[in-house]
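File shown: structure_36.cif. Contents: mmCIF, C-alpha atoms.
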```
data_target
#
loop_
_atom_site.label_atom_id
_atom_site.label_comp_id
_atom_site.auth_asym_id
_atom_site.auth_seq_id
_atom_site.Cartn_x
_atom_site.Cartn_y
_atom_site.Cartn_z
CA MET Y 1 96.89 126.08 117.32
CA ASN Y 2 94.44 125.44 114.46
CA ARG Y 3 97.02 126.71 111.99
CA VAL Y 4 99.63 124.21 113.27
CA ILE Y 5 97.17 121.32 113.01
CA LEU Y 6 96.22 122.38 109.47
CA GLN Y 7 99.90 122.54 108.45
CA LEU Y 8 100.59 119.10 109.93
CA PHE Y 9 97.57 117.71 108.07
CA ALA Y 10 98.79 119.26 104.79
CA VAL Y 11 102.31 117.79 105.23
CA GLY Y 12 100.84 114.37 106.08
CA PHE Y 13 98.59 114.49 103.02
CA CYS Y 14 101.55 115.34 100.75
CA ILE Y 15 103.64 112.48 102.16
CA ALA Y 16 100.73 110.05 101.72
CA ALA Y 17 100.19 111.20 98.14
CA VAL Y 18 103.88 110.76 97.30
CA GLN Y 19 103.91 107.22 98.69
CA ALA Y 20 100.99 106.01 96.54
CA LEU Y 21 102.16 103.19 94.28
CA GLN Y 22 101.61 103.59 90.52
CA CYS Y 23 101.04 100.41 88.49
CA TYR Y 24 100.07 99.37 85.00
CA LYS Y 25 96.55 97.98 84.73
CA CYS Y 26 95.28 95.53 82.14
CA GLY Y 27 91.89 93.96 82.78
CA LEU Y 28 92.43 91.08 80.37
CA GLY Y 29 95.04 90.43 77.71
CA PHE Y 30 95.60 87.60 75.28
CA GLY Y 31 98.99 86.47 73.96
CA ASN Y 32 101.30 89.49 73.80
CA LEU Y 33 98.43 91.99 73.60
CA CYS Y 34 97.50 93.60 76.91
CA ILE Y 35 96.27 97.19 76.58
CA THR Y 36 97.38 99.04 79.69
CA SER Y 37 96.59 102.18 81.59
CA ARG Y 38 98.06 103.55 84.81
CA VAL Y 39 96.38 103.15 88.18
CA THR Y 40 97.17 104.22 91.75
CA CYS Y 41 97.03 101.42 94.29
CA ASP Y 42 95.28 101.67 97.64
CA SER Y 43 97.07 101.22 100.93
CA GLY Y 44 98.07 97.59 101.47
CA GLU Y 45 98.28 96.82 97.74
CA GLN Y 46 101.19 96.14 95.40
CA CYS Y 47 101.56 95.97 91.62
CA TYR Y 48 101.03 92.52 90.11
CA SER Y 49 101.36 90.70 86.82
CA GLY Y 50 99.18 87.66 86.31
CA VAL Y 51 99.89 84.96 83.72
CA GLY Y 52 97.65 82.03 82.88
CA GLN Y 53 96.80 79.67 80.07
CA ALA Y 54 93.30 78.66 78.96
CA ALA Y 55 92.44 75.59 76.89
CA GLY Y 56 96.10 74.58 76.96
CA PHE Y 57 97.25 77.15 74.38
CA LEU Y 58 95.75 80.64 74.92
CA ASP Y 59 97.99 82.85 77.08
CA ILE Y 60 95.99 85.17 79.34
CA LYS Y 61 97.52 88.17 81.11
CA LYS Y 62 96.31 90.59 83.77
CA LYS Y 63 98.01 93.52 85.52
CA GLY Y 64 97.03 95.93 88.26
CA CYS Y 65 96.96 96.34 92.02
CA LEU Y 66 96.51 93.42 94.39
CA ALA Y 67 96.23 93.05 98.17
CA VAL Y 68 99.57 91.99 99.63
CA ALA Y 69 97.98 88.89 101.19
CA LYS Y 70 97.08 87.60 97.68
CA CYS Y 71 100.52 88.26 96.16
CA ASN Y 72 102.77 85.57 94.71
CA SER Y 73 100.03 82.97 94.53
CA THR Y 74 98.33 80.72 91.99
CA GLU Y 75 94.56 80.41 91.78
CA GLN Y 76 91.88 78.80 89.63
CA VAL Y 77 89.93 81.34 87.53
CA ASN Y 78 86.70 80.92 85.58
CA PHE Y 79 86.50 82.59 82.17
CA PRO Y 80 84.07 84.15 81.54
CA THR Y 81 83.19 84.60 85.19
CA SER Y 82 79.42 84.91 84.70
CA SER Y 83 78.86 81.88 82.47
CA SER Y 84 77.84 78.40 83.54
CA ASN Y 85 80.01 77.01 80.70
CA ALA Y 86 83.14 78.75 81.95
CA THR Y 87 86.65 77.61 81.10
CA VAL Y 88 88.79 77.06 84.18
CA TYR Y 89 92.44 78.08 84.03
CA THR Y 90 95.24 78.70 86.48
CA MET Y 91 96.64 82.19 86.94
CA THR Y 92 99.91 82.90 88.73
CA LYS Y 93 100.09 86.41 90.22
CA THR Y 94 103.52 87.86 90.92
CA CYS Y 95 103.84 91.14 92.86
CA CYS Y 96 106.39 93.93 93.05
CA ASN Y 97 106.47 97.14 95.09
CA THR Y 98 108.01 99.95 93.04
CA ASP Y 99 106.28 102.36 90.67
CA LEU Y 100 105.33 100.77 87.32
CA CYS Y 101 107.30 97.62 88.14
CA ASN Y 102 104.68 95.40 86.45
CA ALA Y 103 106.01 96.62 83.11
CA ALA Y 104 103.71 97.07 80.15
CA PRO Y 105 104.24 94.56 77.35
CA GLY Y 106 106.13 95.56 74.26
CA LEU Y 107 104.56 96.19 70.90
CA PRO Y 108 102.83 93.12 69.44
CA GLY Y 109 105.24 91.25 67.18
CA ALA Y 110 108.30 93.16 68.42
CA SER Y 111 110.86 90.73 69.75
CA GLY Y 112 114.28 91.41 71.20
CA LEU Y 113 115.87 90.01 68.04
CA SER Y 114 113.93 92.32 65.71
CA LEU Y 115 114.74 95.34 67.89
CA ALA Y 116 118.43 94.40 67.94
CA LEU Y 117 118.44 93.99 64.16
CA ALA Y 118 116.79 97.40 63.71
CA THR Y 119 119.39 98.99 66.00
CA VAL Y 120 122.33 97.43 64.16
CA THR Y 121 120.84 98.47 60.81
CA ALA Y 122 120.35 102.06 62.01
CA LEU Y 123 123.94 102.22 63.29
CA PHE Y 124 125.27 100.81 60.00
CA VAL Y 125 123.27 103.32 57.93
CA ALA Y 126 124.38 106.19 60.16
CA HIS Y 127 128.03 105.11 59.81
CA VAL Y 128 127.77 104.83 56.00
CA LEU Y 129 126.18 108.28 55.69
CA VAL Y 130 128.87 109.97 57.82
#
```
Here is a file; write its structure as structure tokens.
Amino acid sequence: MNRVILQLFAVGFCIAAVQALQCYKCGLGFGNLCITSRVTCDSGEQCYSGVGQAAGFLDIKKKGCLAVAKCNSTEQVNFPTSSSNATVYTMTKTCCNTDLCNAAPGLPGASGLSLALATVTALFVAHVLV
């Protein structure tokens, strides 16, 4: 009987481990720069991407795991949080529920146009050399 219980526990643990949601995490990013790592969310959390703007021009980004109840909302944030002279900005947090769905940002300075131009150039060079 103990062996059956142990096997059921092992199967349950494997299923729970497989269902853990993987997300990108960025504590604080500015403009297009948001250095990310990977994190596993707890039960009841989803991946989120947060976008805000401080002082009317500085784009602020955050990524990570967020409780489902706080998803798809906008809130006022103080930056820095521990200062009495904090700047208040609004951050909109959008959630998603598949692995790594809060995609990491591209390389700083790399736009879709520059990547398309590089691709066309590489294809042209490859065609000329053949």
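The interatomic distance for the pair CA of Gly44 (chain Y) and CA of Gly31 (chain Y) works out to 29.7 Å.
CA of Lys63 (chain Y) to CA of Leu28 (chain Y) spans 8.0 Å [interatomic distance, one decimal].
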What lies within 7 Å of Leu66 (chain Y) using only C-alpha atoms, ignoring chain neighbours under 6 positions off, as a ChimeraX atom specification?
-> /Y:45-48
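Of the residues listed (Y:Ala54, Y:Ala67, Y:Val39, Y:Met91), Y:Val39 shows the shortest atom-to-atom separation from Gln22 (chain Y); distances use all atoms listed in the file.
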Do you know which residues the PyMOL selection byres ((chain Y and resi 96) around 12) returns on this file, as a CSV table (one decimal) with C-alpha atoms, in the frame of the given file?
```csv
chain,number,residue,atom,x,y,z
Y,21,LEU,CA,102.2,103.2,94.3
Y,22,GLN,CA,101.6,103.6,90.5
Y,23,CYS,CA,101.0,100.4,88.5
Y,24,TYR,CA,100.1,99.4,85.0
Y,45,GLU,CA,98.3,96.8,97.7
Y,46,GLN,CA,101.2,96.1,95.4
Y,47,CYS,CA,101.6,96.0,91.6
Y,48,TYR,CA,101.0,92.5,90.1
Y,49,SER,CA,101.4,90.7,86.8
Y,50,GLY,CA,99.2,87.7,86.3
Y,63,LYS,CA,98.0,93.5,85.5
Y,64,GLY,CA,97.0,95.9,88.3
Y,65,CYS,CA,97.0,96.3,92.0
Y,66,LEU,CA,96.5,93.4,94.4
Y,67,ALA,CA,96.2,93.0,98.2
Y,68,VAL,CA,99.6,92.0,99.6
Y,71,CYS,CA,100.5,88.3,96.2
Y,72,ASN,CA,102.8,85.6,94.7
Y,93,LYS,CA,100.1,86.4,90.2
Y,94,THR,CA,103.5,87.9,90.9
Y,95,CYS,CA,103.8,91.1,92.9
Y,97,ASN,CA,106.5,97.1,95.1
Y,98,THR,CA,108.0,100.0,93.0
Y,99,ASP,CA,106.3,102.4,90.7
Y,100,LEU,CA,105.3,100.8,87.3
Y,101,CYS,CA,107.3,97.6,88.1
Y,102,ASN,CA,104.7,95.4,86.4
Y,103,ALA,CA,106.0,96.6,83.1
```
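In this structure, CA of Asp59 (chain Y) sits 5.6 Å away from CA of Phe30 (chain Y).
Of the listed residues Y:Ala69, Y:Ala20, Y:Val88, Y:Ile60, the one whose atoms come nearest to Asn32 (chain Y) is Y:Ile60, with distances taken using all atoms listed in the file.
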